[in-house]
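Shown below: target_12.cif, with mmCIF, N, CA and C atoms.
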```cif
data_entry
loop_
_atom_site.group_PDB
_atom_site.id
_atom_site.type_symbol
_atom_site.label_atom_id
_atom_site.label_comp_id
_atom_site.auth_asym_id
_atom_site.auth_seq_id
_atom_site.Cartn_x
_atom_site.Cartn_y
_atom_site.Cartn_z
ATOM 1 N N MET F 1 122.973 85.426 106.686
ATOM 2 C CA MET F 1 121.648 85.126 107.175
ATOM 3 C C MET F 1 120.694 85.064 105.992
ATOM 4 N N ALA F 2 119.866 84.029 105.931
ATOM 5 C CA ALA F 2 118.937 83.848 104.819
ATOM 6 C C ALA F 2 117.730 84.752 104.980
ATOM 7 N N SER F 3 117.225 85.248 103.867
ATOM 8 C CA SER F 3 116.046 86.104 103.935
ATOM 9 C C SER F 3 114.783 85.243 104.009
ATOM 10 N N LYS F 4 113.736 85.810 104.573
ATOM 11 C CA LYS F 4 112.486 85.075 104.743
ATOM 12 C C LYS F 4 111.418 85.607 103.791
ATOM 13 N N THR F 5 111.732 85.700 102.527
ATOM 14 C CA THR F 5 110.773 86.249 101.572
ATOM 15 C C THR F 5 109.614 85.301 101.320
ATOM 16 N N SER F 6 109.817 84.002 101.448
ATOM 17 C CA SER F 6 108.737 83.076 101.158
ATOM 18 C C SER F 6 107.675 83.085 102.248
ATOM 19 N N SER F 7 108.049 83.334 103.492
ATOM 20 C CA SER F 7 107.069 83.318 104.569
ATOM 21 C C SER F 7 106.527 84.709 104.887
ATOM 22 N N ALA F 8 107.159 85.740 104.371
ATOM 23 C CA ALA F 8 106.695 87.103 104.640
ATOM 24 C C ALA F 8 105.466 87.394 103.786
ATOM 25 N N LYS F 9 104.527 88.166 104.340
ATOM 26 C CA LYS F 9 103.326 88.528 103.596
ATOM 27 C C LYS F 9 103.675 89.576 102.548
ATOM 28 N N ARG F 10 103.127 89.390 101.347
ATOM 29 C CA ARG F 10 103.320 90.373 100.284
ATOM 30 C C ARG F 10 102.244 91.431 100.389
ATOM 31 N N LYS F 11 102.605 92.643 100.059
ATOM 32 C CA LYS F 11 101.619 93.714 100.027
ATOM 33 C C LYS F 11 100.745 93.517 98.798
ATOM 34 N N PRO F 12 99.426 93.713 98.925
ATOM 35 C CA PRO F 12 98.569 93.616 97.748
ATOM 36 C C PRO F 12 98.858 94.761 96.783
ATOM 37 N N GLU F 13 98.636 94.482 95.516
ATOM 38 C CA GLU F 13 98.845 95.522 94.512
ATOM 39 C C GLU F 13 97.806 96.618 94.698
ATOM 40 N N PRO F 14 98.159 97.854 94.399
ATOM 41 C CA PRO F 14 97.161 98.931 94.460
ATOM 42 C C PRO F 14 96.028 98.650 93.478
ATOM 43 N N ALA F 15 94.836 99.092 93.820
ATOM 44 C CA ALA F 15 93.660 98.826 92.986
ATOM 45 C C ALA F 15 93.837 99.379 91.574
ATOM 46 N N SER F 16 94.534 100.497 91.433
ATOM 47 C CA SER F 16 94.711 101.073 90.096
ATOM 48 C C SER F 16 95.539 100.140 89.214
ATOM 49 N N GLU F 17 96.550 99.495 89.780
ATOM 50 C CA GLU F 17 97.357 98.548 88.998
ATOM 51 C C GLU F 17 96.528 97.328 88.623
ATOM 52 N N THR F 18 95.712 96.859 89.551
ATOM 53 C CA THR F 18 94.876 95.707 89.273
ATOM 54 C C THR F 18 93.876 96.030 88.180
ATOM 55 N N SER F 19 93.257 97.203 88.243
ATOM 56 C CA SER F 19 92.294 97.610 87.223
ATOM 57 C C SER F 19 92.962 97.731 85.860
ATOM 58 N N GLN F 20 94.158 98.300 85.841
ATOM 59 C CA GLN F 20 94.892 98.425 84.577
ATOM 60 C C GLN F 20 95.238 97.051 84.021
ATOM 61 N N SER F 21 95.620 96.136 84.892
ATOM 62 C CA SER F 21 95.965 94.785 84.458
ATOM 63 C C SER F 21 94.740 94.083 83.874
ATOM 64 N N LEU F 22 93.602 94.204 84.545
ATOM 65 C CA LEU F 22 92.377 93.585 84.034
ATOM 66 C C LEU F 22 91.962 94.197 82.701
ATOM 67 N N ALA F 23 92.081 95.496 82.573
ATOM 68 C CA ALA F 23 91.731 96.165 81.324
ATOM 69 C C ALA F 23 92.631 95.684 80.189
ATOM 70 N N ALA F 24 93.914 95.519 80.472
ATOM 71 C CA ALA F 24 94.854 95.044 79.450
ATOM 72 C C ALA F 24 94.541 93.595 79.052
ATOM 73 N N GLN F 25 94.221 92.770 80.033
ATOM 74 C CA GLN F 25 93.883 91.369 79.739
ATOM 75 C C GLN F 25 92.595 91.275 78.924
ATOM 76 N N MET F 26 91.616 92.109 79.262
ATOM 77 C CA MET F 26 90.347 92.099 78.529
ATOM 78 C C MET F 26 90.554 92.584 77.096
ATOM 79 N N ALA F 27 91.363 93.620 76.915
ATOM 80 C CA ALA F 27 91.640 94.120 75.568
ATOM 81 C C ALA F 27 92.331 93.054 74.723
ATOM 82 N N ALA F 28 93.277 92.329 75.324
ATOM 83 C CA ALA F 28 93.980 91.266 74.595
ATOM 84 C C ALA F 28 93.017 90.138 74.236
ATOM 85 N N PHE F 29 92.115 89.804 75.140
ATOM 86 C CA PHE F 29 91.122 88.754 74.899
ATOM 87 C C PHE F 29 90.210 89.127 73.728
ATOM 88 N N LEU F 30 89.726 90.368 73.736
ATOM 89 C CA LEU F 30 88.843 90.820 72.667
ATOM 90 C C LEU F 30 89.582 90.921 71.339
ATOM 91 N N LYS F 31 90.828 91.371 71.375
ATOM 92 C CA LYS F 31 91.627 91.497 70.153
ATOM 93 C C LYS F 31 91.884 90.137 69.528
ATOM 94 N N ALA F 32 91.990 89.103 70.360
ATOM 95 C CA ALA F 32 92.233 87.747 69.870
ATOM 96 C C ALA F 32 90.951 87.079 69.379
ATOM 97 N N GLY F 33 89.837 87.817 69.369
ATOM 98 C CA GLY F 33 88.587 87.269 68.851
ATOM 99 C C GLY F 33 87.653 86.750 69.929
ATOM 100 N N GLY F 34 87.988 86.962 71.179
ATOM 101 C CA GLY F 34 87.125 86.506 72.264
ATOM 102 C C GLY F 34 85.847 87.323 72.335
ATOM 103 N N GLU F 35 84.808 86.728 72.871
ATOM 104 C CA GLU F 35 83.531 87.410 73.028
ATOM 105 C C GLU F 35 83.149 87.439 74.498
ATOM 106 N N ILE F 36 82.507 88.511 74.914
ATOM 107 C CA ILE F 36 82.021 88.626 76.282
ATOM 108 C C ILE F 36 80.530 88.344 76.262
ATOM 109 N N GLN F 37 80.111 87.401 77.101
ATOM 110 C CA GLN F 37 78.700 87.043 77.184
ATOM 111 C C GLN F 37 78.106 87.632 78.451
ATOM 112 N N LYS F 38 76.901 88.152 78.349
ATOM 113 C CA LYS F 38 76.197 88.649 79.530
ATOM 114 C C LYS F 38 75.356 87.498 80.071
ATOM 115 N N ILE F 39 75.585 87.160 81.324
ATOM 116 C CA ILE F 39 74.862 86.078 81.980
ATOM 117 C C ILE F 39 73.806 86.699 82.890
ATOM 118 N N PRO F 40 72.554 86.280 82.759
ATOM 119 C CA PRO F 40 71.497 86.853 83.600
ATOM 120 C C PRO F 40 71.725 86.537 85.081
ATOM 121 N N ASN F 41 71.214 87.413 85.943
ATOM 122 C CA ASN F 41 71.297 87.182 87.376
ATOM 123 C C ASN F 41 70.573 85.888 87.737
ATOM 124 N N GLY F 42 71.122 85.155 88.679
ATOM 125 C CA GLY F 42 70.488 83.929 89.159
ATOM 126 C C GLY F 42 70.948 82.677 88.446
ATOM 127 N N VAL F 43 71.714 82.804 87.361
ATOM 128 C CA VAL F 43 72.201 81.643 86.640
ATOM 129 C C VAL F 43 73.474 81.164 87.321
ATOM 130 N N SER F 44 73.548 79.862 87.570
ATOM 131 C CA SER F 44 74.693 79.290 88.269
ATOM 132 C C SER F 44 75.639 78.631 87.279
ATOM 133 N N GLY F 45 76.908 78.667 87.610
ATOM 134 C CA GLY F 45 77.906 77.969 86.811
ATOM 135 C C GLY F 45 78.031 76.510 87.197
ATOM 136 N N GLN F 46 77.381 76.115 88.281
ATOM 137 C CA GLN F 46 77.444 74.724 88.723
ATOM 138 C C GLN F 46 76.433 73.914 87.932
ATOM 139 N N THR F 47 76.925 72.902 87.233
ATOM 140 C CA THR F 47 76.038 72.094 86.408
ATOM 141 C C THR F 47 75.949 70.657 86.889
ATOM 142 N N GLN F 48 76.854 70.221 87.743
ATOM 143 C CA GLN F 48 76.844 68.835 88.213
ATOM 144 C C GLN F 48 76.978 68.805 89.721
ATOM 145 N N GLY F 49 76.647 67.675 90.277
ATOM 146 C CA GLY F 49 76.836 67.489 91.702
ATOM 147 C C GLY F 49 75.586 67.830 92.485
ATOM 148 N N PRO F 50 75.628 67.482 93.749
ATOM 149 C CA PRO F 50 74.454 67.732 94.599
ATOM 150 C C PRO F 50 74.270 69.221 94.861
ATOM 151 N N SER F 51 73.047 69.571 95.165
ATOM 152 C CA SER F 51 72.726 70.954 95.493
ATOM 153 C C SER F 51 73.346 71.308 96.825
ATOM 154 N N ARG F 52 73.867 72.508 96.947
ATOM 155 C CA ARG F 52 74.445 72.948 98.207
ATOM 156 C C ARG F 52 73.479 73.828 98.985
ATOM 157 N N GLN F 53 72.238 73.882 98.509
ATOM 158 C CA GLN F 53 71.220 74.674 99.180
ATOM 159 C C GLN F 53 70.828 73.964 100.469
ATOM 160 N N ILE F 54 70.732 74.711 101.539
ATOM 161 C CA ILE F 54 70.364 74.153 102.839
ATOM 162 C C ILE F 54 68.855 74.261 102.992
ATOM 163 N N THR F 55 68.234 73.157 103.351
ATOM 164 C CA THR F 55 66.801 73.153 103.593
ATOM 165 C C THR F 55 66.569 73.018 105.094
ATOM 166 N N ILE F 56 65.870 73.960 105.662
ATOM 167 C CA ILE F 56 65.554 73.916 107.086
ATOM 168 C C ILE F 56 64.075 73.639 107.220
ATOM 169 N N SER F 57 63.744 72.571 107.912
ATOM 170 C CA SER F 57 62.340 72.228 108.089
ATOM 171 C C SER F 57 62.032 72.047 109.561
ATOM 172 N N LYS F 58 60.785 72.299 109.919
ATOM 173 C CA LYS F 58 60.346 72.099 111.299
ATOM 174 C C LYS F 58 59.837 70.669 111.434
ATOM 175 N N LYS F 59 60.239 70.022 112.504
ATOM 176 C CA LYS F 59 59.787 68.638 112.709
ATOM 177 C C LYS F 59 58.852 68.565 113.874
#
```
Translate this structure into structure tokens?
Amino acid sequence: MASKTSSAKRKPEPASETSQSLAAQMAAFLKAGGEIQKIPNGVSGQTQGPSRQITISKK
């Protein structure tokens, strides 16, 4: 009988493992000469395309 591993839901990793993984990735990034930039609140990464802001007006 074939196993159904592809359709079965995987358990999410524990938060501690995820945090450790992110810390390791960040350390490797910084060690390779990467820089972390602080982006002010309200700045969007979207630079092209139409605005997705919804305008509601009374008619």
Original post:
Please, what distance in Å, to one decimal, runs between CA of Gly42 in chain F and CA of Ser19 in chain F?
Top reply: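 Between these atoms lies a distance of 25.8 Å.
Relative to CA of Ala32 in chain F, CA of Pro14 in chain F is found at 27.5 Å.
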Axis-aligned box for all listed atoms of range 12-28 of chain F, 3 Å per side, centre and edges in Å to one decimal, as JSON:
```
{"center_x": 94.9, "center_y": 95.6, "center_z": 86.6, "size_x": 15.1, "size_y": 16.9, "size_z": 30.7}
```
**OP:** Report the distance between CA of Gly45 in chain F and CA of Phe29 in chain F in Å, rounded to one decimal place.
**Re:** 20.8 Å
